[in-house]
>>> print(open('coords_19.cif').read())   # mmCIF, C-alpha atoms
data_entry
loop_
_atom_site.label_atom_id
_atom_site.label_comp_id
_atom_site.auth_asym_id
_atom_site.auth_seq_id
_atom_site.Cartn_x
_atom_site.Cartn_y
_atom_site.Cartn_z
CA MET A 21 176.94 155.44 -129.70
CA PRO A 22 179.31 158.36 -130.28
CA LEU A 23 181.88 157.25 -127.73
CA ASP A 24 185.49 156.10 -127.80
CA VAL A 25 185.59 153.15 -125.47
CA ALA A 26 188.34 151.02 -123.98
CA LEU A 27 187.59 147.42 -123.05
CA ARG A 28 189.69 145.89 -120.30
CA ILE A 29 189.40 142.11 -120.09
CA PRO A 30 190.53 140.77 -116.69
CA GLU A 31 192.65 137.63 -116.77
CA GLU A 32 190.11 135.53 -114.82
CA PHE A 33 187.41 136.57 -117.28
CA LYS A 34 189.58 135.61 -120.22
CA GLN A 35 190.20 132.18 -118.74
CA PHE A 36 186.81 131.52 -117.19
CA VAL A 37 186.08 127.79 -116.88
CA HIS A 38 183.11 126.48 -114.92
CA GLU A 39 183.50 122.94 -113.58
CA GLU A 40 180.75 121.07 -111.80
CA ASN A 41 180.01 117.56 -110.66
CA ILE A 42 176.28 116.81 -110.69
CA LEU A 43 175.02 114.40 -108.02
CA GLY A 44 178.19 112.37 -108.39
CA LYS A 45 177.02 111.24 -111.84
CA GLU A 46 178.32 113.61 -114.46
CA SER A 47 181.18 116.05 -114.60
CA TRP A 48 180.87 119.12 -116.72
CA SER A 49 183.56 121.56 -117.73
CA ILE A 50 182.44 124.67 -119.57
CA ASP A 51 185.09 126.97 -120.99
CA LEU A 52 183.60 130.41 -121.66
CA GLY A 53 186.79 132.46 -121.61
CA GLY A 54 187.67 132.73 -125.31
CA ALA A 55 184.03 133.01 -126.35
CA ASN A 56 183.41 135.80 -123.82
CA GLU A 57 186.38 137.82 -124.98
CA THR A 58 185.30 137.57 -128.62
CA PHE A 59 181.70 138.26 -127.66
CA PHE A 60 182.41 141.53 -125.82
CA THR A 61 184.96 142.70 -128.37
CA GLN A 62 182.50 142.21 -131.24
CA LEU A 63 179.55 143.61 -129.32
CA PHE A 64 181.25 146.80 -128.15
CA GLY A 65 183.00 147.19 -131.51
CA TYR A 66 179.53 147.33 -133.02
CA LEU A 67 178.04 149.59 -130.33
CA PHE A 68 180.63 152.36 -130.11
CA ASN A 69 182.47 154.72 -132.42
CA SER A 70 185.77 153.10 -131.59
CA LEU A 71 186.94 150.33 -129.32
CA THR A 72 190.41 149.75 -127.90
CA VAL A 73 191.02 146.45 -126.19
CA ILE A 74 193.59 146.81 -123.43
CA GLY A 75 195.30 144.11 -121.43
CA ALA A 76 194.51 143.36 -117.81
CA ASN A 77 197.86 144.73 -116.67
CA ASP A 78 198.04 147.69 -119.03
CA ASP A 79 197.93 151.19 -117.57
CA ALA A 80 194.66 152.73 -118.78
CA ARG A 81 196.22 156.22 -118.58
CA ASP A 82 198.31 155.35 -121.63
CA TYR A 83 195.16 155.23 -123.78
CA GLN A 84 192.70 157.83 -125.02
CA PHE A 85 189.03 157.03 -124.40
CA ASP A 86 185.76 158.48 -123.11
CA ALA A 87 184.83 155.43 -121.05
CA LEU A 88 186.42 152.21 -119.96
CA ILE A 89 184.35 149.06 -119.54
CA GLU A 90 185.52 146.09 -117.52
CA PRO A 91 183.33 142.97 -117.74
CA THR A 92 183.45 140.19 -115.18
CA ILE A 93 181.39 137.09 -114.51
CA ASP A 94 179.61 137.24 -111.15
CA GLY A 95 177.90 133.90 -111.52
CA PHE A 96 177.40 130.95 -113.81
CA GLU A 97 174.84 128.20 -113.29
CA PHE A 98 173.30 125.52 -115.40
CA SER A 99 170.79 122.73 -115.14
CA VAL A 100 170.65 119.41 -116.98
CA PRO A 101 167.58 117.26 -117.75
CA ASN A 102 168.21 115.02 -114.71
CA GLN A 103 167.86 118.00 -112.43
CA SER A 104 165.01 119.87 -114.10
CA LYS A 105 163.04 116.73 -115.03
CA THR A 106 162.57 118.19 -118.49
CA GLU A 107 164.27 117.52 -121.80
CA THR A 108 166.15 120.79 -121.65
CA PHE A 109 169.49 122.24 -120.66
CA ALA A 110 169.43 125.74 -119.18
CA VAL A 111 172.25 128.21 -118.54
CA TRP A 112 172.29 131.36 -116.43
CA ILE A 113 175.18 133.80 -116.72
CA ARG A 114 175.46 136.88 -114.53
CA TYR A 115 177.84 139.45 -115.99
CA ARG A 116 178.94 142.60 -114.24
CA LEU A 117 179.95 145.60 -116.31
CA ARG A 118 182.02 148.20 -114.50
CA VAL A 119 182.12 151.51 -116.31
CA TYR A 120 184.85 154.07 -115.58
CA ASP A 121 185.32 157.57 -116.92
CA ARG A 122 188.64 158.72 -118.41
CA GLU A 123 189.84 159.78 -114.96
CA GLY A 124 189.37 156.26 -113.63
CA THR A 125 186.31 157.06 -111.52
CA ASN A 126 183.83 154.23 -111.31
CA ALA A 127 180.76 155.69 -113.01
CA SER A 128 178.53 152.66 -112.93
CA ASN A 129 178.15 148.98 -112.02
CA TRP A 130 175.62 147.04 -114.02
CA THR A 131 174.63 143.42 -113.48
CA VAL A 132 173.30 141.67 -116.56
CA SER A 133 171.63 138.35 -115.90
CA ALA A 134 171.14 136.28 -119.02
CA TYR A 135 169.34 133.03 -119.66
CA GLY A 136 169.47 130.39 -122.39
CA LYS A 137 167.63 127.11 -122.82
CA SER A 138 168.07 124.33 -125.34
CA GLN A 139 166.39 120.99 -126.01
CA LYS A 140 168.38 117.83 -125.37
CA GLU A 141 169.66 116.36 -128.62
CA GLY A 142 171.58 113.11 -128.88
CA LEU A 143 172.95 111.16 -125.95
CA SER A 144 175.80 113.25 -124.53
CA GLY A 145 173.99 116.57 -124.20
CA SER A 146 177.17 118.58 -124.58
CA SER A 147 176.00 120.22 -127.80
CA ALA A 148 172.68 121.16 -126.17
CA LEU A 149 174.49 122.68 -123.19
CA GLN A 150 176.79 124.56 -125.56
CA ARG A 151 173.73 125.87 -127.41
CA ALA A 152 172.09 126.94 -124.13
CA ALA A 153 175.27 128.84 -123.17
CA LEU A 154 175.36 130.48 -126.59
CA LEU A 155 171.71 131.51 -126.22
CA ALA A 156 172.49 132.98 -122.80
CA MET A 157 175.31 135.02 -124.32
CA ARG A 158 173.00 136.22 -127.10
CA ASP A 159 170.47 137.12 -124.41
CA ALA A 160 173.12 139.19 -122.63
CA ALA A 161 174.04 140.87 -125.91
CA ALA A 162 170.40 141.78 -126.57
CA LEU A 163 170.08 143.22 -123.06
CA ILE A 164 173.29 145.22 -123.39
CA ILE A 165 172.30 146.66 -126.78
CA MET A 166 168.89 147.70 -125.52
CA GLN A 167 169.72 148.75 -121.97
CA LEU A 168 173.35 149.76 -121.65
CA ASP A 169 172.90 153.51 -121.89
CA ARG A 170 169.81 153.57 -119.74
CA ALA A 171 171.41 151.45 -117.03
CA THR A 172 174.85 153.05 -116.98
CA GLN A 173 174.40 156.51 -118.58
CA ILE A 174 177.59 155.77 -120.44
CA SER A 175 176.81 158.34 -123.14
CA ALA A 176 177.18 161.08 -120.50
CA LEU A 177 180.88 160.25 -120.40
CA ALA A 178 181.44 161.48 -123.96
CA ASN A 179 184.09 164.18 -124.32
CA GLY A 180 185.24 163.91 -120.75
CA GLY A 181 181.85 164.34 -119.10
CA LEU A 182 181.91 162.93 -115.60
CA ALA A 183 179.18 160.64 -114.45
CA THR A 184 177.80 160.73 -110.95
CA PRO A 185 178.74 157.48 -109.21
CA LYS A 186 175.70 155.38 -108.47
CA PRO A 187 175.11 154.13 -104.93
CA GLU A 188 173.47 150.94 -106.10
CA SER A 189 174.01 148.65 -109.02
CA ALA A 190 171.54 148.68 -111.82
CA VAL A 191 170.21 145.20 -112.25
CA ALA A 192 168.63 143.59 -115.25
CA ASP A 193 167.68 140.19 -114.00
CA ALA A 194 166.58 137.19 -116.01
CA ARG A 195 167.63 134.58 -113.47
CA ASP A 196 164.25 132.94 -113.35
CA GLU A 197 161.95 132.56 -116.27
CA PRO A 198 159.72 135.55 -115.68
CA ALA A 199 156.30 136.02 -117.14
CA ALA A 200 155.95 138.04 -120.30
CA ILE A 201 154.99 141.64 -119.73
CA PRO A 202 154.34 143.16 -123.12
CA ASP A 203 155.05 146.86 -123.23
CA GLU A 204 153.06 149.28 -125.31
CA SER A 205 155.10 148.51 -128.42
CA GLY A 206 154.41 144.79 -128.14
CA ILE A 207 158.08 143.94 -127.65
CA PHE A 208 158.35 141.03 -125.26
CA VAL A 209 159.74 142.66 -122.17
CA ILE A 210 161.44 140.86 -119.32
CA GLY A 211 164.28 141.61 -116.97
CA GLY A 212 163.72 145.33 -117.04
CA ILE A 213 164.07 145.96 -120.74
CA ASN A 214 162.45 149.23 -121.48
CA ASP A 215 161.78 149.99 -125.07
CA ASP A 216 162.04 153.72 -124.43
CA ALA A 217 165.68 153.33 -123.52
CA GLU A 218 166.86 154.12 -127.00
CA MET B 23 155.34 86.09 -170.02
CA THR B 24 155.82 89.72 -169.07
CA GLN B 25 153.21 89.30 -166.39
CA ASN B 26 155.08 86.32 -165.01
CA LYS B 27 158.36 88.26 -164.91
CA LEU B 28 156.78 91.18 -163.08
CA LEU B 29 154.90 89.05 -160.65
CA PRO B 30 157.79 88.46 -158.19
CA GLU B 31 158.54 92.22 -158.15
CA VAL B 32 154.91 93.07 -157.49
CA ARG B 33 154.83 90.41 -154.83
CA SER B 34 157.93 91.74 -153.08
CA SER B 35 156.57 95.30 -153.27
CA LEU B 36 153.32 94.19 -151.74
CA LEU B 37 155.19 92.27 -149.07
CA PHE B 38 157.34 95.35 -148.32
CA ALA B 39 154.27 97.61 -148.13
CA THR B 40 152.49 95.15 -145.84
CA LEU B 41 155.57 94.89 -143.63
CA ALA B 42 155.94 98.65 -143.50
CA LEU B 43 152.28 98.97 -142.59
CA CYS B 44 152.66 96.33 -139.91
CA LEU B 45 155.80 97.93 -138.48
CA THR B 46 154.16 101.25 -137.68
CA GLY B 47 151.92 102.05 -134.79
CA CYS B 48 148.51 103.69 -134.92
CA VAL B 49 148.34 107.43 -135.55
CA THR B 50 145.28 109.66 -135.59
CA THR B 51 145.63 113.15 -137.00
CA ARG B 52 143.41 116.21 -136.80
CA VAL B 53 144.43 119.35 -138.65
CA GLU B 54 142.36 122.53 -138.55
CA ASP B 55 142.70 126.14 -139.55
CA ALA B 56 140.99 129.34 -138.48
CA ARG B 57 141.28 132.15 -140.98
CA VAL B 58 141.10 135.79 -139.93
CA ASN B 59 142.29 137.49 -143.11
CA THR B 60 142.88 136.64 -146.74
CA THR B 61 146.34 135.45 -147.68
CA GLY B 62 148.41 134.84 -150.80
CA LEU B 63 152.03 134.66 -151.81
CA ASN B 64 153.50 136.64 -154.68
CA GLU B 65 156.63 135.88 -156.69
CA GLY B 66 159.75 136.36 -154.57
CA GLU B 67 157.89 136.43 -151.26
CA SER B 68 158.91 134.05 -148.53
CA VAL B 69 157.88 132.56 -145.22
CA VAL B 70 159.82 132.17 -141.99
CA ILE B 71 159.00 129.55 -139.35
CA MET B 72 159.77 130.55 -135.76
CA ALA B 73 159.27 128.81 -132.43
CA LYS B 74 157.54 130.99 -129.85
CA SER B 75 159.84 132.11 -127.06
CA TYR B 76 160.68 129.76 -124.22
CA HIS B 77 160.17 132.76 -121.95
CA GLN B 78 156.48 132.28 -122.73
CA GLY B 79 156.65 128.66 -121.63
CA ASN B 80 156.84 127.26 -125.14
CA LYS B 81 158.71 123.99 -125.69
CA THR B 82 158.63 123.54 -129.47
CA GLU B 83 161.53 121.32 -130.48
CA SER B 84 164.14 122.73 -132.89
CA GLU B 85 163.94 119.55 -134.99
CA TYR B 86 160.20 120.16 -135.45
CA VAL B 87 160.93 123.66 -136.76
CA SER B 88 163.50 122.20 -139.18
CA CYS B 89 161.07 119.48 -140.26
CA LEU B 90 158.37 122.05 -141.01
CA GLU B 91 160.82 124.29 -142.89
CA ASN B 92 161.86 121.33 -145.07
CA ALA B 93 158.32 120.07 -145.58
CA LEU B 94 157.02 123.52 -146.58
CA GLY B 95 159.83 124.15 -149.02
CA ARG B 96 159.79 120.71 -150.64
CA GLY B 97 158.19 119.75 -153.95
CA SER B 98 156.92 121.61 -156.97
CA LYS B 99 154.41 123.52 -154.82
CA GLY B 100 157.01 124.26 -152.16
CA LEU B 101 157.09 127.73 -150.65
CA ARG B 102 160.21 129.87 -150.37
CA VAL B 103 161.26 129.38 -146.75
CA ILE B 104 163.91 131.50 -145.02
CA PRO B 105 165.74 129.46 -142.34
CA SER B 106 164.74 130.78 -138.92
CA GLN B 107 168.34 131.12 -137.71
CA GLN B 108 169.22 133.26 -140.73
CA PHE B 109 166.20 135.46 -140.04
CA VAL B 110 166.99 135.82 -136.33
CA ASP B 111 170.66 136.60 -137.03
CA SER B 112 169.77 139.19 -139.69
CA LEU B 113 167.44 140.97 -137.28
CA PHE B 114 169.49 140.67 -134.10
CA PRO B 115 168.52 141.59 -131.38
CA TRP B 116 164.83 141.99 -132.23
CA PHE B 117 163.81 138.32 -132.55
CA GLU B 118 165.71 136.84 -129.61
CA PRO B 119 163.63 134.83 -127.09
CA ARG B 120 163.65 137.84 -124.76
CA THR B 121 162.83 140.50 -127.33
CA ALA B 122 160.67 138.83 -129.97
CA PRO B 123 157.29 140.52 -130.46
CA ALA B 124 154.51 138.69 -128.67
CA GLU B 125 151.69 140.12 -130.73
CA THR B 126 151.11 141.79 -134.07
CA LYS B 127 150.40 145.23 -132.62
CA GLY B 128 154.13 145.69 -131.97
CA LEU B 129 155.10 144.99 -135.58
CA THR B 130 154.61 148.53 -136.89
CA LYS B 131 156.97 149.99 -134.31
CA LEU B 132 159.43 147.15 -134.82
CA MET B 133 159.55 147.82 -138.56
CA ASP B 134 160.37 151.48 -137.85
CA ARG B 135 163.61 150.51 -136.11
CA PRO B 136 166.77 151.13 -138.11
CA GLY B 137 167.54 148.32 -140.54
CA VAL B 138 164.59 146.09 -139.65
CA ALA B 139 162.33 146.86 -142.62
CA ASP B 140 165.32 146.70 -145.00
CA ALA B 141 166.39 143.28 -143.71
CA VAL B 142 162.83 141.94 -143.96
CA GLU B 143 162.46 143.31 -147.47
CA GLU B 144 165.82 141.94 -148.56
CA MET B 145 164.80 138.43 -147.49
CA GLY B 146 161.35 138.91 -149.03
CA VAL B 147 159.62 137.76 -145.86
CA ARG B 148 155.84 138.09 -146.19
CA TYR B 149 154.71 135.76 -143.42
CA ILE B 150 156.09 134.91 -139.99
CA VAL B 151 154.69 131.63 -138.70
CA TRP B 152 154.96 131.29 -134.91
CA LEU B 153 154.90 127.74 -133.63
CA ASP B 154 153.60 126.78 -130.24
CA GLY B 155 153.37 123.27 -128.80
CA ASP B 156 155.37 120.08 -128.49
CA THR B 157 155.30 116.30 -128.55
CA GLU B 158 154.83 114.58 -125.21
CA ARG B 159 154.51 111.03 -123.94
CA VAL B 160 151.12 110.95 -122.26
CA ALA B 161 150.79 107.28 -121.33
CA GLN B 162 152.79 104.09 -121.26
CA GLY B 163 152.44 100.55 -119.96
CA GLY B 164 153.30 96.88 -120.27
CA SER B 165 156.48 95.13 -119.32
CA LEU B 166 159.37 93.72 -121.26
CA SER B 167 162.35 91.77 -120.02
CA CYS B 168 165.43 90.60 -121.81
CA ALA B 169 168.03 88.05 -120.77
CA ALA B 170 171.28 86.78 -122.27
CA GLY B 171 173.36 83.74 -121.52
CA PRO B 172 176.16 81.68 -123.05
CA GLY B 173 173.68 79.93 -125.30
CA GLY B 174 172.07 83.10 -126.57
CA GLY B 175 169.53 85.65 -125.44
CA GLY B 176 166.08 86.93 -126.00
CA CYS B 177 163.27 89.19 -124.84
CA PHE B 178 159.77 88.46 -123.72
CA GLY B 179 156.85 90.74 -122.97
CA PHE B 180 154.88 93.63 -124.37
CA ALA B 181 155.29 97.37 -123.92
CA TRP B 182 153.36 100.29 -125.33
CA TRP B 183 153.41 104.07 -125.13
CA GLN B 184 151.31 106.92 -126.44
CA ASN B 185 152.69 110.22 -127.71
CA ASP B 186 150.62 113.34 -128.36
CA ALA B 187 151.86 116.01 -130.72
CA ASP B 188 149.93 119.27 -130.41
CA TYR B 189 151.14 122.22 -132.43
CA GLU B 190 149.59 125.53 -133.34
CA ALA B 191 150.95 127.85 -136.01
CA SER B 192 149.98 131.54 -135.87
CA VAL B 193 150.44 133.22 -139.23
CA TRP B 194 151.44 136.90 -139.20
CA ASP B 195 151.16 138.80 -142.44
CA LEU B 196 153.85 141.47 -142.70
CA ASP B 197 151.88 143.09 -145.53
CA GLY B 198 149.53 144.97 -143.21
CA PHE B 199 151.09 143.78 -139.93
CA GLU B 200 148.13 141.68 -138.91
CA SER B 201 147.32 138.12 -138.03
CA ALA B 202 146.10 135.99 -140.92
CA GLY B 203 144.90 133.18 -138.69
CA THR B 204 146.04 129.92 -137.13
CA VAL B 205 146.60 126.37 -138.28
CA SER B 206 146.77 123.56 -135.75
CA ALA B 207 147.72 119.89 -135.80
CA ASP B 208 146.74 117.44 -133.09
CA VAL B 209 148.25 114.02 -133.60
CA SER B 210 148.05 111.07 -131.24
CA GLY B 211 150.07 107.92 -131.82
CA THR B 212 150.44 104.65 -129.94
CA SER B 213 153.58 102.58 -130.36
CA PHE B 214 153.86 98.89 -129.47
CA LEU B 215 156.82 96.71 -128.68
CA PRO B 216 155.88 93.02 -128.54
CA ALA B 217 158.75 90.62 -127.93
CA LEU B 218 158.83 86.87 -128.28
CA VAL B 219 162.59 86.22 -128.28
CA VAL B 220 163.02 89.06 -130.81
CA PRO B 221 161.43 92.47 -130.07
CA ILE B 222 159.38 93.86 -132.96
CA PRO B 223 159.00 97.64 -132.64
CA LEU B 224 155.83 99.10 -134.11
CA ILE B 225 156.63 102.78 -133.85
CA ALA B 226 154.02 105.52 -134.36
CA ARG B 227 155.75 108.52 -136.01
CA THR B 228 153.65 111.06 -134.17
CA GLN B 229 155.85 114.12 -134.56
CA THR B 230 156.55 113.36 -138.23
CA ALA B 231 152.81 113.04 -138.88
CA ALA B 232 152.21 116.36 -137.12
CA CYS B 233 154.94 117.96 -139.22
CA LYS B 234 153.56 116.69 -142.51
CA GLY B 235 149.94 117.45 -141.61
CA LEU B 236 150.71 120.98 -140.45
CA ALA B 237 152.97 121.68 -143.45
CA ASP B 238 150.33 120.60 -145.97
CA GLN B 239 147.61 122.64 -144.28
CA LEU B 240 149.88 125.64 -143.78
CA ARG B 241 150.87 125.63 -147.45
CA ALA B 242 147.21 125.52 -148.47
CA PHE B 243 146.37 128.24 -145.94
CA ILE B 244 149.07 130.62 -147.13
CA VAL B 245 148.49 130.23 -150.86
CA GLN B 246 144.77 130.12 -150.02
CA THR B 247 143.63 126.98 -151.82
CA THR B 248 141.26 126.15 -148.96
#
>>> encode(input="coords_19.cif", output="structure tokens")
Amino acid sequence: MPLDVALRIPEEFKQFVHEENILGKESWSIDLGGANETFFTQLFGYLFNSLTVIGANDDARDYQFDALIEPTIDGFEFSVPNQSKTETFAVWIRYRLRVYDREGTNASNWTVSAYGKSQKEGLSGSSALQRAALLAMRDAAALIIMQLDRATQISALANGGLATPKPESAVADARDEPAAIPDESGIFVIGGINDDAE
Amino acid sequence: MTQNKLLPEVRSSLLFATLALCLTGCVTTRVEDARVNTTGLNEGESVVIMAKSYHQGNKTESEYVSCLENALGRGSKGLRVIPSQQFVDSLFPWFEPRTAPAETKGLTKLMDRPGVADAVEEMGVRYIVWLDGDTERVAQGGSLSCAAGPGGGGCFGFAWWQNDADYEASVWDLDGFESAGTVSADVSGTSFLPALVVPIPLIARTQTAACKGLADQLRAFIVQTT
């Protein structure tokens, strides 16, 4: 996309760790922080003309950009074979992308719900859970590539264009495993992906 | 004299084969194909094996995909197989579980997307094989108990279980963007575990049999020797 974008990574996003005790049996600690930062930096670096990563406490007015994106994690959930009574680990990640124009006006809020599932391998299951989390992040990346402009109208912010703030968040939801709804192109469409978005 | 020297080796080989035979459970295999179009594989063309998306309820195990990739590529008649992860990464985001095409009619439009046709051509992919199915335990029974004490330990009893491996491979021909047909493997295996002090596992390699059976039939289907 022909846009100069700034990416602001909040501190809590950079250091996101999900800890959970399941039925008093197992304790899980999942550190997504570093992976998330790398993920969004690479993804937006690929999507836009230029990308400037700015610190959480930096003043955005010191930088030149068409749009500023601030990702956060709204929710993280997972299930293990004991819970789902299957041989799979599943991970749900709900990202929120806040898009601002160069004046600092919030142009859009977009919730991206991603899902990943992996077969249990070995005894510990940690590698399968890691794989499920990775698949969820890839799922989010696929959604963002295909839907970002349609959901946020970020391209309208090029060259100082101001976006109209949206009253409601755009939601692309893959929280549950929805049924396949093939669109006319045959691309497997779930969670609101619309092939005409490009 | 030579015969006498060889005899112990032959004997031990026979003993090993008999033991191996005894130490496996019973497996029945049925492999079928249904051809829709003619196939064939030219020099430099390759095949990619993919599991259907879990969004469609598919549960094909990743180790089964790897087994099939290895089995198809092995031997003098082995096909050129592109690892599925390499294929998916090269074509990101078009073959992710969420975005992968569900039917051949979307292939033409998919190939028109920037970089897709080039990546496919670079890897020489002629066929995409979509796997559906899994291996499941369908029945089990018996009882087995083990005990240990200061003087030693042991097990007594008998247990058995039956696994069914049902897989179907849909072959998509990228030369014409149409389905070439399907190959399926239905394998049922019963394993036994009798124990009289020492447990003796007689394991039925159901998934391995399904992998080998499907690979052999798939190879024949693609190069069209059937």
>>> axis_aligned_box(input="coords_19.cif", around="range 87-94 of chain A", padding_each_side="8 Å", output="JSON")
{"center_x": 183.0, "center_y": 146.3, "center_z": -116.1, "size_x": 22.8, "size_y": 34.3, "size_z": 25.9}
>>> resolve_selection(input="coords_19.cif", expression="the PyMOL selection byres ((chain B) within 7 of (chain A))", output="mmCIF file with C-alpha atoms, in the frame of the given file")
data_model
loop_
_atom_site.group_PDB
_atom_site.id
_atom_site.type_symbol
_atom_site.label_atom_id
_atom_site.label_comp_id
_atom_site.auth_asym_id
_atom_site.auth_seq_id
_atom_site.Cartn_x
_atom_site.Cartn_y
_atom_site.Cartn_z
ATOM 1 C CA HIS B 77 160.170 132.760 -121.950
ATOM 2 C CA GLN B 78 156.480 132.280 -122.730
ATOM 3 C CA GLU B 83 161.530 121.320 -130.480
ATOM 4 C CA PRO B 115 168.520 141.590 -131.380
ATOM 5 C CA ARG B 120 163.650 137.840 -124.760
ATOM 6 C CA THR B 121 162.830 140.500 -127.330
ATOM 7 C CA ALA B 122 160.670 138.830 -129.970
ATOM 8 C CA PRO B 123 157.290 140.520 -130.460
ATOM 9 C CA ALA B 124 154.510 138.690 -128.670
ATOM 10 C CA GLU B 125 151.690 140.120 -130.730
ATOM 11 C CA LYS B 127 150.400 145.230 -132.620
ATOM 12 C CA GLY B 128 154.130 145.690 -131.970
ATOM 13 C CA LYS B 131 156.970 149.990 -134.310
#
>>> residues_around(input="coords_19.cif", residues="range 221-236 of chain B", least_positions_apart="2", cutoff="7 Å", atoms="only C-alpha atoms", output="number ranges by chain")
B: 45-49, 53, 86, 89-90, 93, 157, 177, 185-187, 206-219, 238-240
>>> resolve_selection(input="coords_19.cif", expression="the PyMOL selection byres ((chain B and resi 109) around 10)", output="PDB file with C-alpha atoms, in the frame of the given file")
ATOM      1  CA  VAL B  70     159.820 132.170-141.990  1.00  0.00           C
ATOM      2  CA  ILE B  71     159.000 129.550-139.350  1.00  0.00           C
ATOM      3  CA  MET B  72     159.770 130.550-135.760  1.00  0.00           C
ATOM      4  CA  ILE B 104     163.910 131.500-145.020  1.00  0.00           C
ATOM      5  CA  PRO B 105     165.740 129.460-142.340  1.00  0.00           C
ATOM      6  CA  SER B 106     164.740 130.780-138.920  1.00  0.00           C
ATOM      7  CA  GLN B 107     168.340 131.120-137.710  1.00  0.00           C
ATOM      8  CA  GLN B 108     169.220 133.260-140.730  1.00  0.00           C
ATOM      9  CA  VAL B 110     166.990 135.820-136.330  1.00  0.00           C
ATOM     10  CA  ASP B 111     170.660 136.600-137.030  1.00  0.00           C
ATOM     11  CA  SER B 112     169.770 139.190-139.690  1.00  0.00           C
ATOM     12  CA  LEU B 113     167.440 140.970-137.280  1.00  0.00           C
ATOM     13  CA  PHE B 114     169.490 140.670-134.100  1.00  0.00           C
ATOM     14  CA  PHE B 117     163.810 138.320-132.550  1.00  0.00           C
ATOM     15  CA  ALA B 141     166.390 143.280-143.710  1.00  0.00           C
ATOM     16  CA  VAL B 142     162.830 141.940-143.960  1.00  0.00           C
ATOM     17  CA  MET B 145     164.800 138.430-147.490  1.00  0.00           C
ATOM     18  CA  VAL B 147     159.620 137.760-145.860  1.00  0.00           C
TER      19      VAL B 147
END
>>> atom_distance(input="coords_19.cif", atom1="CA of Arg170 in chain A", atom2="CA of Thr131 in chain A")
12.9 Å
>>> residues_around(input="coords_19.cif", residues="Arg122 in chain A", least_positions_apart="3", cutoff="9 Å", atoms="all atoms listed in the file", output="PyMOL selection string")
chain A and resi 80-81+84-88+125+177+180-182
>>> resolve_selection(input="coords_19.cif", expression="the PyMOL selection byres ((chain A and resi 118) around 6)", output="list of chain:residue names")
A:Ile89, A:Glu90, A:Leu117, A:Val119, A:Ser128, A:Asn129
>>> atom_distance(input="coords_19.cif", atom1="CA of Thr82 in chain B", atom2="CA of Ser133 in chain A")
23.9 Å
